[in-house]
file my_file_11.cif (mmCIF, C-alpha atoms (C1' of nucleotides))
data_work
loop_
_atom_site.label_atom_id
_atom_site.label_comp_id
_atom_site.auth_asym_id
_atom_site.auth_seq_id
_atom_site.Cartn_x
_atom_site.Cartn_y
_atom_site.Cartn_z
CA MET A 223 -19.32 -5.64 1.11
CA ARG A 224 -21.28 -4.01 3.86
CA LEU A 225 -19.97 -1.36 6.18
CA SER A 226 -19.95 -2.50 9.81
CA THR A 227 -22.05 -0.85 12.47
CA ARG A 228 -18.93 0.76 13.85
CA GLY A 229 -18.32 2.58 10.58
CA ARG A 230 -21.91 3.64 10.15
CA TYR A 231 -22.41 4.80 13.71
CA GLY A 232 -19.03 6.47 13.70
CA THR A 233 -19.79 8.61 10.68
CA ARG A 234 -23.17 9.49 12.15
CA LEU A 235 -21.45 10.54 15.33
CA MET A 236 -18.87 12.67 13.59
CA LEU A 237 -21.48 14.36 11.43
CA GLU A 238 -23.48 15.17 14.54
CA LEU A 239 -20.44 16.75 16.12
CA ALA A 240 -19.71 18.58 12.90
CA LYS A 241 -23.15 20.14 12.97
CA ASN A 242 -22.48 21.53 16.42
CA TYR A 243 -18.89 22.56 15.84
CA GLY A 244 -18.00 25.70 17.80
CA GLU A 245 -20.87 25.31 20.25
CA GLY A 246 -18.96 23.54 23.00
CA PRO A 247 -18.94 19.90 24.02
CA LYS A 248 -21.87 17.59 23.46
CA SER A 249 -22.63 14.86 25.99
CA VAL A 250 -22.75 11.23 25.04
CA SER A 251 -26.27 10.88 26.39
CA ASP A 252 -27.49 13.69 24.14
CA ILE A 253 -25.82 12.15 21.11
CA SER A 254 -27.24 8.77 22.03
CA LYS A 255 -30.77 10.15 22.07
CA ASN A 256 -30.39 12.04 18.82
CA LEU A 257 -28.82 9.21 16.87
CA ASN A 258 -30.41 6.15 18.47
CA ILE A 259 -27.11 4.61 19.40
CA PRO A 260 -26.48 2.91 22.79
CA VAL A 261 -24.43 5.03 25.15
CA LYS A 262 -21.92 2.30 25.88
CA TYR A 263 -21.42 1.58 22.22
CA LEU A 264 -20.81 5.25 21.46
CA GLU A 265 -18.18 5.40 24.14
CA GLN A 266 -16.29 2.57 22.49
CA LEU A 267 -16.29 4.37 19.16
CA ILE A 268 -15.08 7.61 20.67
CA ILE A 269 -11.87 6.10 22.05
CA PRO A 270 -10.02 5.54 18.75
CA LEU A 271 -11.31 8.86 17.42
CA LYS A 272 -9.83 10.59 20.44
CA LYS A 273 -6.53 8.80 20.10
CA ALA A 274 -6.35 10.00 16.52
CA ALA A 275 -7.03 13.53 17.75
CA LEU A 276 -10.22 13.94 15.78
CA ILE A 277 -12.25 14.42 18.95
CA SER A 278 -11.55 16.38 22.12
CA SER A 279 -13.36 15.70 25.39
CA VAL A 280 -14.26 17.72 28.45
CA ARG A 281 -14.91 15.86 31.68
CA GLY A 282 -17.26 16.62 34.52
CA PRO A 283 -20.77 18.07 34.50
CA LYS A 284 -21.65 19.97 31.32
CA GLY A 285 -18.79 18.09 29.72
CA GLY A 286 -18.85 16.09 26.53
CA HIS A 287 -17.15 15.72 23.18
CA MET A 288 -16.44 17.89 20.18
CA LEU A 289 -14.42 17.92 17.00
CA SER A 290 -10.86 19.00 17.58
CA ARG A 291 -10.61 20.39 14.04
CA PRO A 292 -12.98 22.07 11.61
CA ALA A 293 -15.28 19.70 9.76
CA GLU A 294 -13.61 20.47 6.46
CA GLU A 295 -10.33 19.02 7.71
CA ILE A 296 -11.72 15.60 8.59
CA SER A 297 -12.22 13.11 5.79
CA LEU A 298 -14.48 10.09 5.70
CA TRP A 299 -11.47 7.97 4.91
CA HIS A 300 -9.78 8.97 8.12
CA ILE A 301 -12.84 8.09 10.19
CA LEU A 302 -13.55 4.79 8.48
CA THR A 303 -10.02 3.45 8.61
CA LEU A 304 -10.04 4.10 12.35
CA LEU A 305 -13.29 2.24 12.92
CA GLU A 306 -13.46 -0.49 10.29
CA THR A 307 -11.27 -3.48 11.01
CA LYS A 308 -10.81 -4.57 7.40
CA PHE A 309 -11.37 -1.73 5.03
CA SER A 310 -10.34 -3.33 1.78
CA PHE A 311 -11.94 -5.78 -0.60
CA VAL A 312 -9.53 -8.61 0.16
CA ASP A 313 -7.07 -9.25 2.97
CA CYS A 314 -4.10 -9.85 0.70
CA LEU A 315 -3.88 -6.12 -0.05
CA THR A 316 -2.79 -5.37 3.50
CA ASP A 317 -1.36 -8.71 4.68
CA ASP A 318 1.09 -10.43 2.39
CA GLY A 319 1.00 -13.70 4.27
CA VAL A 320 -2.65 -14.64 4.00
CA CYS A 321 -2.46 -16.20 0.53
CA GLU A 322 0.19 -18.17 -1.28
CA ARG A 323 -1.23 -17.32 -4.67
CA ILE A 324 -0.33 -13.66 -4.57
CA ALA A 325 2.51 -13.95 -7.06
CA THR A 326 0.31 -15.41 -9.77
CA CYS A 327 -3.13 -14.13 -8.75
CA PRO A 328 -4.68 -12.49 -11.80
CA ILE A 329 -7.22 -10.38 -9.96
CA ARG A 330 -5.32 -8.95 -7.02
CA PRO A 331 -4.11 -5.96 -9.06
CA PHE A 332 -7.69 -5.16 -9.88
CA TRP A 333 -8.79 -5.19 -6.23
CA ASN A 334 -5.95 -2.84 -5.52
CA GLU A 335 -7.00 -0.48 -8.28
CA ALA A 336 -10.58 -0.50 -7.02
CA LEU A 337 -9.42 0.24 -3.51
CA ARG A 338 -7.33 3.15 -4.74
CA GLY A 339 -10.35 4.62 -6.46
CA MET A 340 -12.45 4.30 -3.36
CA ARG A 341 -9.75 5.75 -1.16
CA LYS A 342 -9.42 8.74 -3.44
CA LEU A 343 -13.11 9.54 -3.25
CA PHE A 344 -13.31 9.03 0.50
CA ARG A 345 -10.23 11.12 1.12
CA GLU A 346 -11.56 13.97 -0.94
CA THR A 347 -14.84 14.01 0.95
CA SER A 348 -14.85 15.85 4.27
CA LEU A 349 -17.54 16.02 6.92
CA LEU A 350 -18.32 19.52 5.72
CA ASP A 351 -18.71 18.32 2.14
CA VAL A 352 -21.27 15.77 3.29
CA LEU A 353 -23.26 18.32 5.29
CA ILE A 354 -23.28 20.89 2.51
CA SER A 355 -24.31 18.55 -0.26
CA SER A 356 -27.07 17.04 1.86
CA ARG A 357 -28.37 20.44 2.90
CA GLY A 358 -28.74 21.48 -0.69
CA SER A 359 -30.90 18.85 -2.29
CA GLN A 360 -32.41 15.82 -0.60
CA ARG A 361 -32.76 14.30 -4.03
CA PRO A 362 -34.18 10.79 -4.24
CA ALA A 363 -31.53 8.11 -4.45
CA ALA A 364 -30.43 7.23 -7.96
CA GLN A 365 -31.57 4.02 -9.57
CA ASN A 366 -29.89 0.79 -8.55
CA PRO A 367 -30.45 -1.56 -11.47
CA ALA A 368 -29.80 -5.12 -10.43
CA ASP A 369 -27.35 -5.68 -13.22
CA MET B 228 -15.88 -3.90 3.79
CA ARG B 229 -14.49 -7.28 2.93
CA LEU B 230 -15.63 -9.38 0.02
CA SER B 231 -17.13 -12.69 1.13
CA THR B 232 -15.61 -16.03 0.27
CA ARG B 233 -18.38 -16.57 -2.23
CA GLY B 234 -17.33 -13.51 -4.18
CA ARG B 235 -13.64 -14.30 -4.05
CA TYR B 236 -14.00 -17.95 -4.95
CA GLY B 237 -16.55 -17.11 -7.60
CA THR B 238 -14.25 -14.73 -9.43
CA ARG B 239 -11.42 -17.24 -9.16
CA LEU B 240 -13.68 -19.85 -10.65
CA MET B 241 -14.80 -17.66 -13.51
CA LEU B 242 -11.25 -16.60 -14.32
CA GLU B 243 -10.22 -20.24 -14.40
CA LEU B 244 -13.01 -21.01 -16.85
CA ALA B 245 -12.07 -17.94 -18.86
CA LYS B 246 -8.53 -19.22 -19.25
CA ASN B 247 -9.85 -22.45 -20.74
CA TYR B 248 -12.58 -20.94 -22.86
CA GLY B 249 -13.06 -22.88 -26.08
CA GLU B 250 -11.41 -26.04 -24.78
CA GLY B 251 -14.54 -27.85 -23.68
CA PRO B 252 -15.98 -28.40 -20.21
CA LYS B 253 -13.85 -28.48 -17.10
CA SER B 254 -14.77 -30.79 -14.26
CA VAL B 255 -15.44 -29.53 -10.76
CA SER B 256 -12.80 -31.82 -9.30
CA ASP B 257 -10.17 -30.38 -11.62
CA ILE B 258 -11.15 -26.83 -10.72
CA SER B 259 -11.16 -27.75 -7.06
CA LYS B 260 -7.60 -28.99 -7.25
CA ASN B 261 -6.31 -26.02 -9.19
CA LEU B 262 -7.94 -23.38 -7.02
CA ASN B 263 -7.92 -25.02 -3.59
CA ILE B 264 -11.67 -24.73 -3.18
CA PRO B 265 -13.80 -27.58 -1.72
CA VAL B 266 -15.79 -29.43 -4.36
CA LYS B 267 -19.08 -29.05 -2.54
CA TYR B 268 -18.57 -25.36 -2.09
CA LEU B 269 -17.78 -24.89 -5.76
CA GLU B 270 -20.97 -26.66 -6.72
CA GLN B 271 -22.96 -24.18 -4.68
CA LEU B 272 -21.36 -21.24 -6.41
CA ILE B 273 -21.97 -22.67 -9.84
CA ILE B 274 -25.73 -22.84 -9.43
CA PRO B 275 -26.51 -19.10 -9.52
CA LEU B 276 -23.94 -18.60 -12.26
CA LYS B 277 -25.71 -21.21 -14.34
CA LYS B 278 -29.12 -19.70 -13.69
CA ALA B 279 -27.79 -16.39 -14.95
CA ALA B 280 -26.53 -18.16 -18.06
CA LEU B 281 -22.90 -17.29 -17.45
CA ILE B 282 -21.97 -20.95 -17.22
CA SER B 283 -23.03 -23.97 -19.28
CA SER B 284 -22.70 -27.51 -18.01
CA VAL B 285 -22.30 -30.89 -19.65
CA ARG B 286 -23.35 -33.95 -17.68
CA GLY B 287 -21.95 -37.43 -17.64
CA PRO B 288 -18.35 -38.65 -17.84
CA LYS B 289 -15.95 -36.12 -19.35
CA GLY B 290 -18.54 -33.53 -18.49
CA GLY B 291 -18.02 -30.29 -16.64
CA HIS B 292 -18.58 -26.57 -16.84
CA MET B 293 -17.58 -23.79 -19.15
CA LEU B 294 -18.33 -20.16 -19.86
CA SER B 295 -21.40 -19.75 -22.00
CA ARG B 296 -20.07 -16.50 -23.46
CA PRO B 297 -16.65 -15.10 -24.35
CA ALA B 298 -14.72 -13.77 -21.38
CA GLU B 299 -14.92 -10.23 -22.66
CA GLU B 300 -18.71 -10.26 -22.34
CA ILE B 301 -18.75 -11.12 -18.64
CA SER B 302 -18.14 -8.33 -16.16
CA LEU B 303 -16.97 -8.59 -12.58
CA TRP B 304 -20.07 -6.69 -11.54
CA HIS B 305 -22.31 -9.35 -12.99
CA ILE B 306 -20.49 -12.12 -11.16
CA LEU B 307 -20.30 -10.35 -7.84
CA THR B 308 -23.92 -9.28 -7.68
CA LEU B 309 -24.89 -12.90 -8.24
CA LEU B 310 -22.71 -14.21 -5.43
CA GLU B 311 -22.55 -11.44 -2.83
CA THR B 312 -25.67 -11.13 -0.73
CA LYS B 313 -25.26 -7.45 0.14
CA PHE B 314 -23.14 -5.70 -2.42
CA SER B 315 -23.48 -2.12 -1.23
CA PHE B 316 -22.03 -0.09 1.58
CA VAL B 317 -25.28 0.26 3.49
CA ASP B 318 -28.57 -1.62 3.35
CA CYS B 319 -30.71 1.50 2.92
CA LEU B 320 -29.53 1.85 -0.68
CA THR B 321 -31.43 -1.28 -1.68
CA ASP B 322 -34.10 -1.58 1.02
CA ASP B 323 -36.07 1.53 1.85
CA GLY B 324 -37.57 0.09 5.00
CA VAL B 325 -34.50 -0.64 7.05
CA CYS B 326 -34.03 2.87 8.43
CA GLU B 327 -36.42 5.64 9.42
CA ARG B 328 -33.80 8.32 9.03
CA ILE B 329 -33.54 8.07 5.27
CA ALA B 330 -35.39 11.31 4.63
CA THR B 331 -32.97 13.39 6.66
CA CYS B 332 -29.84 11.25 6.56
CA PRO B 333 -26.97 13.48 5.45
CA ILE B 334 -24.64 10.74 4.30
CA ARG B 335 -26.85 8.35 2.38
CA PRO B 336 -26.41 10.31 -0.87
CA PHE B 337 -22.67 9.92 -0.49
CA TRP B 338 -22.88 6.15 -0.06
CA ASN B 339 -24.94 6.05 -3.18
CA GLU B 340 -22.42 8.08 -5.12
CA ALA B 341 -19.60 5.82 -3.93
CA LEU B 342 -21.55 2.75 -4.97
CA ARG B 343 -22.15 4.21 -8.40
CA GLY B 344 -18.46 4.76 -8.85
CA MET B 345 -17.66 1.25 -7.84
CA ARG B 346 -20.35 -0.18 -10.05
CA LYS B 347 -19.04 1.74 -13.02
CA LEU B 348 -15.53 0.37 -12.58
CA PHE B 349 -16.71 -3.19 -12.00
CA ARG B 350 -19.05 -3.09 -14.98
CA GLU B 351 -16.34 -1.86 -17.27
CA THR B 352 -13.98 -4.64 -16.23
CA SER B 353 -14.47 -8.00 -17.93
CA LEU B 354 -12.85 -11.32 -17.19
CA LEU B 355 -10.73 -10.82 -20.28
CA ASP B 356 -9.58 -7.43 -19.06
CA VAL B 357 -8.42 -8.99 -15.82
CA LEU B 358 -6.52 -11.76 -17.57
CA ILE B 359 -4.85 -9.43 -20.04
CA SER B 360 -3.72 -6.85 -17.53
CA SER B 361 -2.38 -9.51 -15.20
CA ARG B 362 -0.53 -11.27 -17.98
CA GLY B 363 1.30 -8.10 -18.88
CA SER B 364 2.95 -6.96 -15.71
CA GLN B 365 2.88 -8.69 -12.38
CA ARG B 366 3.87 -5.38 -10.86
CA PRO B 367 4.18 -5.19 -7.09
CA ALA B 368 1.09 -3.86 -5.38
CA ALA B 369 0.91 -0.11 -5.02
CA GLN B 370 1.49 1.51 -1.66
CA ASN B 371 -1.28 1.38 0.89
CA PRO B 372 -0.56 4.22 3.29
CA ALA B 373 -2.57 3.79 6.45
CA ASP B 374 -4.07 7.22 6.19
"C1'" DT C 205 -25.72 -50.76 -16.43
"C1'" DC C 206 -22.04 -48.67 -14.42
"C1'" DG C 207 -19.66 -44.80 -12.92
"C1'" DA C 208 -18.60 -40.15 -13.18
"C1'" DA C 209 -20.54 -36.19 -13.14
"C1'" DC C 210 -24.17 -32.59 -11.76
"C1'" DT C 211 -28.36 -31.03 -8.58
"C1'" DA C 212 -30.73 -30.04 -4.35
"C1'" DT C 213 -31.50 -29.49 0.42
"C1'" DA C 214 -30.39 -29.64 5.09
"C1'" DC C 215 -27.32 -29.33 8.73
"C1'" DT C 216 -23.34 -28.05 11.74
"C1'" DC C 217 -19.74 -25.13 13.08
"C1'" DT C 218 -17.14 -21.07 13.72
"C1'" DG C 219 -15.79 -16.38 14.32
"C1'" DA C 220 -16.47 -11.65 13.84
"C1'" DC C 221 -19.28 -8.31 15.36
"C1'" DA C 222 -22.91 -6.02 18.26
"C1'" DA C 223 -24.25 -4.94 22.57
"C1'" DT C 224 -24.15 -5.06 27.55
"C1'" DA C 225 -22.10 -5.18 32.23
"C1'" DT C 226 -19.08 -3.80 35.83
"C1'" DA C 227 -15.86 -1.06 37.96
"C1'" DT C 228 -13.05 3.10 38.20
"C1'" DA C 229 -11.46 7.86 37.53
"C1'" DT C 230 -12.22 12.75 36.75
"C1'" DT C 231 -14.04 17.34 37.62
"C1'" DA C 232 -17.36 21.39 37.52
"C1'" DA C 233 -20.90 23.10 40.31
"C1'" DA C 234 -23.45 23.60 44.59
"C1'" DT D 224 -16.01 19.16 50.28
"C1'" DT D 225 -19.53 16.72 48.77
"C1'" DT D 226 -22.15 15.43 44.91
"C1'" DA D 227 -23.59 14.26 40.55
"C1'" DA D 228 -22.70 14.04 35.91
"C1'" DT D 229 -19.46 12.73 33.04
"C1'" DA D 230 -15.53 10.00 30.82
"C1'" DT D 231 -12.38 5.69 30.72
"C1'" DA D 232 -11.21 0.81 30.68
"C1'" DT D 233 -11.83 -4.00 30.55
"C1'" DA D 234 -14.48 -8.06 30.46
"C1'" DT D 235 -18.38 -10.65 29.19
"C1'" DT D 236 -22.36 -12.25 26.78
"C1'" DG D 237 -25.29 -12.80 22.84
"C1'" DT D 238 -26.31 -13.14 17.99
"C1'" DC D 239 -26.11 -14.07 13.25
"C1'" DA D 240 -24.29 -14.43 8.72
"C1'" DG D 241 -21.21 -17.01 6.43
"C1'" DA D 242 -18.18 -21.11 5.60
"C1'" DG D 243 -18.04 -25.63 5.10
"C1'" DT D 244 -19.91 -30.49 5.38
"C1'" DA D 245 -23.24 -34.29 4.79
"C1'" DT D 246 -26.68 -36.86 2.53
"C1'" DA D 247 -29.63 -38.18 -0.99
"C1'" DG D 248 -30.94 -38.01 -5.56
"C1'" DT D 249 -30.65 -37.18 -10.78
"C1'" DT D 250 -28.63 -37.27 -15.35
"C1'" DC D 251 -26.17 -39.23 -19.09
"C1'" DG D 252 -22.09 -40.96 -21.88
"C1'" DA D 253 -19.30 -45.04 -22.54
#

call {"tool": "encode", "arguments": {"input": "my_file_11.cif", "output": "structure tokens"}}
result
Amino acid sequence: MRLSTRGRYGTRLMLELAKNYGEGPKSVSDISKNLNIPVKYLEQLIIPLKKAALISSVRGPKGGHMLSRPAEEISLWHILTLLETKFSFVDCLTDDGVCERIATCPIRPFWNEALRGMRKLFRETSLLDVLISSRGSQRPAAQNPAD
Amino acid sequence: MRLSTRGRYGTRLMLELAKNYGEGPKSVSDISKNLNIPVKYLEQLIIPLKKAALISSVRGPKGGHMLSRPAEEISLWHILTLLETKFSFVDCLTDDGVCERIATCPIRPFWNEALRGMRKLFRETSLLDVLISSRGSQRPAAQNPAD
DNA sequence: TCGAACTATACTCTGACAATATATATTAAA
DNA sequence: TTTAATATATATTGTCAGAGTATAGTTCGA
């Protein structure tokens, strides 16, 4: 139940671009320095985000990348589904063929319900929402009791 | 964002025991046949569940394992935290040392909020809840639009 | 005392993921 | 028009957690 590096780096990247929205393109090498992410790895993440029209690029010197829409119109869900290969608790929610027990499985409906809840939250949270709420209060993380 | 086999098999196991609660111990070989899980792998999963007093065992012939409490007193959260090694979206929620950017990270608070939501749902769902809701309606899974 | 069951530890194997390497194409500025 | 900085595309290597197996030992009821 961990996010992959692609998902984590990808959200970092998009938040960085969101910060600089309206200020022209930002080069990959700049982003790489700021975020501590290898240049070549960043370039791989950018490709699907471009195809989905979340990012626009400008080639040549002084070129780079930028959001193609305002930060409030891009949700975390959109980003993560593009970058995470399996973004659900269990495979049987997206592929019917992976398990023969689907018809009688008692817990599959629950995984689906949990996924729906997560999707709702992630869809309702935009890049702008994240930036605003973090700017306000850098409150210490809430308790994580082990049980 | 996939559950590991340990988590999936573990919940299967516990649901199987929940079904037979009150009928005495169930042998590992029986469980293995019913659930299509290797005997040796099952035995590994049982150990932490026993240590946490969710399972009681009886040795010798006709021995086996059973829930040590009613199914309504065992939550999915309890089971999954025992079996999943990293049960949070990002490591920095549980280990402070893994990232130097924590102080300024804009998205960590969001991961924490998402985890809290998930924990709430999983805590409020017991083995009995799962069995009851699945017994009622084996409704087809809800839509999973890609975006 | 026998066998069926549980306990413990160590080991191997595999695949997804992270990261790097190489080569090519584009284009603004000098 | 040349150059340098940038983006694009594909292929390759490396790494590690997780899945599964193997072996040896312990307990206890019939």

call {"tool": "resolve_selection", "arguments": {"input": "my_file_11.cif", "expression": "the PyMOL selection byres ((chain A) within 6 of (chain D))", "output": "JSON, numbers by chain"}}
result
{"A": [281, 282, 283]}

call {"tool": "resolve_selection", "arguments": {"input": "my_file_11.cif", "expression": "the PyMOL selection byres ((chain A and resi 261-270) around 7)", "output": "MDAnalysis selection string"}}
result
chainID A and resid 228 232 250:251 254 259:260 271:274 304

call {"tool": "interface_residues", "arguments": {"input": "my_file_11.cif", "of": "chain C", "to": "chain B", "cutoff": "7 Å", "atoms": "all atoms listed in the file", "output": "number ranges by chain"}}
result
C: 208-210

call {"tool": "closest_residue", "arguments": {"input": "my_file_11.cif", "among": "A:Cys314, A:Ile277, A:His300, A:Leu337", "to": "chain B", "atoms": "all atoms listed in the file"}}
result
A:His300

call {"tool": "closest_atom_pairs", "arguments": {"input": "my_file_11.cif", "of": "chain B", "to": "chain A", "cutoff": "9 Å", "atoms": "only C-alpha atoms", "output": "tab-separated table"}}
result
residue	atom	partner	partner_atom	distance
B:Met228	CA	A:Met223	CA	4.7
B:Arg229	CA	A:Phe311	CA	4.6
B:Leu230	CA	A:Phe311	CA	5.2
B:Ser231	CA	A:Met223	CA	7.4
B:Arg235	CA	A:Val312	CA	8.2
B:Thr238	CA	A:Ile329	CA	8.3
B:Arg239	CA	A:Ile329	CA	8.1
B:Leu242	CA	A:Pro328	CA	8.1
B:Trp304	CA	A:Asp369	CA	7.5
B:His305	CA	A:Asp369	CA	6.2
B:Thr308	CA	A:Asp369	CA	7.4
B:Glu311	CA	A:Met223	CA	7.7
B:Thr312	CA	A:Met223	CA	8.6
B:Lys313	CA	A:Met223	CA	6.3
B:Phe314	CA	A:Met223	CA	5.2
B:Ser315	CA	A:Arg224	CA	5.9
B:Phe316	CA	A:Arg224	CA	4.6
B:Val317	CA	A:Arg224	CA	5.9
B:Asp318	CA	A:Arg224	CA	7.7
B:Leu320	CA	A:Ala363	CA	7.6
B:Thr321	CA	A:Asn366	CA	7.3
B:Ala330	CA	A:Gln360	CA	7.5
B:Thr331	CA	A:Gln360	CA	7.7
B:Cys332	CA	A:Ser356	CA	8.0
B:Pro333	CA	A:Ser356	CA	5.1
B:Ile334	CA	A:Val352	CA	6.1
B:Arg335	CA	A:Ala363	CA	8.3
B:Pro336	CA	A:Ala363	CA	6.6
B:Phe337	CA	A:Val352	CA	7.1
B:Asn339	CA	A:Ala363	CA	7.0
B:Glu340	CA	A:Ala364	CA	8.5
B:Ala341	CA	A:Met340	CA	7.3
B:Arg343	CA	A:Asn366	CA	8.5
B:Gly344	CA	A:Met340	CA	8.2
B:Met345	CA	A:Ala336	CA	7.3
B:Leu348	CA	A:Ala336	CA	7.5
B:Phe349	CA	A:Ala336	CA	8.3
B:Arg350	CA	A:Asp369	CA	8.9
B:Thr352	CA	A:Phe332	CA	9.0
B:Val357	CA	A:Ile329	CA	6.1
B:Leu358	CA	A:Pro328	CA	6.1
B:Ile359	CA	A:Pro328	CA	8.8
B:Ser360	CA	A:Pro328	CA	8.1
B:Ser361	CA	A:Pro328	CA	5.1
B:Arg362	CA	A:Pro328	CA	7.5
B:Gln365	CA	A:Ala325	CA	7.5
B:Arg366	CA	A:Pro331	CA	8.2
B:Pro367	CA	A:Pro331	CA	8.6
B:Ala368	CA	A:Pro331	CA	6.7
B:Ala369	CA	A:Asn334	CA	7.4
B:Asn371	CA	A:Thr316	CA	7.4
B:Ala373	CA	A:Thr303	CA	7.8
B:Asp374	CA	A:His300	CA	6.3

call {"tool": "atom_distance", "arguments": {"input": "my_file_11.cif", "atom1": "CA of Asn261 (chain B)", "atom2": "CA of Ala245 (chain B)"}}
result
13.9 Å

call {"tool": "atom_distance", "arguments": {"input": "my_file_11.cif", "atom1": "CA of Lys246 (chain B)", "atom2": "CA of Pro297 (chain B)"}}
result
10.4 Å

call {"tool": "closest_residue", "arguments": {"input": "my_file_11.cif", "among": "B:Leu281, B:Cys326, B:Leu310, B:Met293", "to": "Tyr248 (chain B)", "atoms": "all atoms listed in the file"}}
result
B:Met293

call {"tool": "atom_distance", "arguments": {"input": "my_file_11.cif", "atom1": "CA of Leu355 (chain B)", "atom2": "CA of Lys342 (chain A)"}}
result
25.8 Å

call {"tool": "residues_around", "arguments": {"input": "my_file_11.cif", "residues": "Ala280 (chain B)", "least_positions_apart": "5", "cutoff": "9 Å", "atoms": "all atoms listed in the file", "output": "ChimeraX atom specification"}}
result
/B:275,294-296

call {"tool": "decode", "arguments": {"input": "my_file_11.cif", "residues": "region 220-231 of chain C", "atoms": "N, CA and C atoms (P, O5', C5', C4', C3', O3' and C1' of nucleotides)", "output": "CSV table (one decimal), in the first residue's frame"}}
result
chain,number,residue,atom,x,y,z
C,220,DA,P,5.6,-8.1,-13.4
C,220,DA,O5',5.3,-6.7,-12.7
C,220,DA,C5',5.0,-6.7,-11.3
C,220,DA,C4',5.8,-5.7,-10.6
C,220,DA,C3',5.7,-4.3,-11.2
C,220,DA,O3',5.5,-3.3,-10.2
C,220,DA,C1',8.0,-4.9,-10.9
C,221,DC,P,5.0,-1.9,-10.7
C,221,DC,O5',6.2,-1.0,-10.3
C,221,DC,C5',6.8,-1.2,-9.0
C,221,DC,C4',8.2,-0.7,-9.0
C,221,DC,C3',8.5,0.7,-9.6
C,221,DC,O3',9.0,1.4,-8.5
C,221,DC,C1',10.1,-0.9,-10.4
C,222,DA,P,9.1,3.0,-8.7
C,222,DA,O5',10.6,3.3,-8.8
C,222,DA,C5',11.5,2.7,-7.8
C,222,DA,C4',12.9,2.8,-8.2
C,222,DA,C3',13.3,4.2,-8.6
C,222,DA,O3',14.5,4.6,-7.9
C,222,DA,C1',14.0,2.6,-10.3
C,223,DA,P,15.0,6.1,-8.1
C,223,DA,O5',16.1,6.0,-9.3
C,223,DA,C5',17.1,5.0,-9.1
C,223,DA,C4',17.8,4.8,-10.4
C,223,DA,C3',18.3,6.1,-11.1
C,223,DA,O3',19.7,6.3,-11.0
C,223,DA,C1',17.5,4.5,-12.6
C,224,DT,P,20.4,7.5,-11.8
C,224,DT,O5',20.9,6.7,-13.1
C,224,DT,C5',21.5,5.5,-13.0
C,224,DT,C4',21.8,4.9,-14.4
C,224,DT,C3',22.6,5.9,-15.3
C,224,DT,O3',23.8,5.3,-15.7
C,224,DT,C1',20.7,4.9,-16.4
C,225,DA,P,24.8,6.1,-16.6
C,225,DA,O5',24.5,5.6,-18.1
C,225,DA,C5',24.2,4.2,-18.3
C,225,DA,C4',24.0,3.9,-19.8
C,225,DA,C3',24.7,4.9,-20.7
C,225,DA,O3',25.3,4.1,-21.7
C,225,DA,C1',22.4,4.9,-21.2
C,226,DT,P,26.4,4.8,-22.7
C,226,DT,O5',25.6,5.0,-24.0
C,226,DT,C5',24.8,3.9,-24.4
C,226,DT,C4',23.9,4.3,-25.6
C,226,DT,C3',24.5,5.3,-26.6
C,226,DT,O3',24.5,4.8,-27.9
C,226,DT,C1',22.3,5.9,-26.0
C,227,DA,P,25.3,5.6,-29.1
C,227,DA,O5',24.1,6.1,-30.0
C,227,DA,C5',22.9,5.2,-30.1
C,227,DA,C4',21.8,6.1,-30.6
C,227,DA,C3',22.1,7.1,-31.6
C,227,DA,O3',21.3,7.0,-32.8
C,227,DA,C1',20.7,8.0,-29.9
C,228,DT,P,21.6,8.0,-34.1
C,228,DT,O5',20.3,8.9,-34.0
C,228,DT,C5',19.0,8.3,-33.8
C,228,DT,C4',18.0,9.4,-33.6
C,228,DT,C3',18.1,10.6,-34.6
C,228,DT,O3',16.8,10.7,-35.2
C,228,DT,C1',17.8,11.4,-32.3
C,229,DA,P,16.7,11.8,-36.4
C,229,DA,O5',15.8,12.9,-35.8
C,229,DA,C5',14.6,12.5,-35.0
C,229,DA,C4',14.0,13.7,-34.4
C,229,DA,C3',13.9,14.9,-35.2
C,229,DA,O3',12.6,15.5,-35.1
C,229,DA,C1',15.0,15.5,-33.2
C,230,DT,P,12.1,16.6,-36.1
C,230,DT,O5',12.2,17.9,-35.2
C,230,DT,C5',11.4,18.0,-34.0
C,230,DT,C4',11.9,19.2,-33.2
C,230,DT,C3',11.8,20.5,-33.9
C,230,DT,O3',10.8,21.3,-33.2
C,230,DT,C1',13.8,20.3,-32.5
C,231,DT,P,10.1,22.6,-34.0
C,231,DT,O5',11.1,23.8,-33.4
C,231,DT,C5',11.1,24.0,-32.0
C,231,DT,C4',12.2,25.0,-31.7
C,231,DT,C3',12.3,26.2,-32.6
C,231,DT,O3',12.5,27.3,-31.8
C,231,DT,C1',14.4,25.2,-32.3
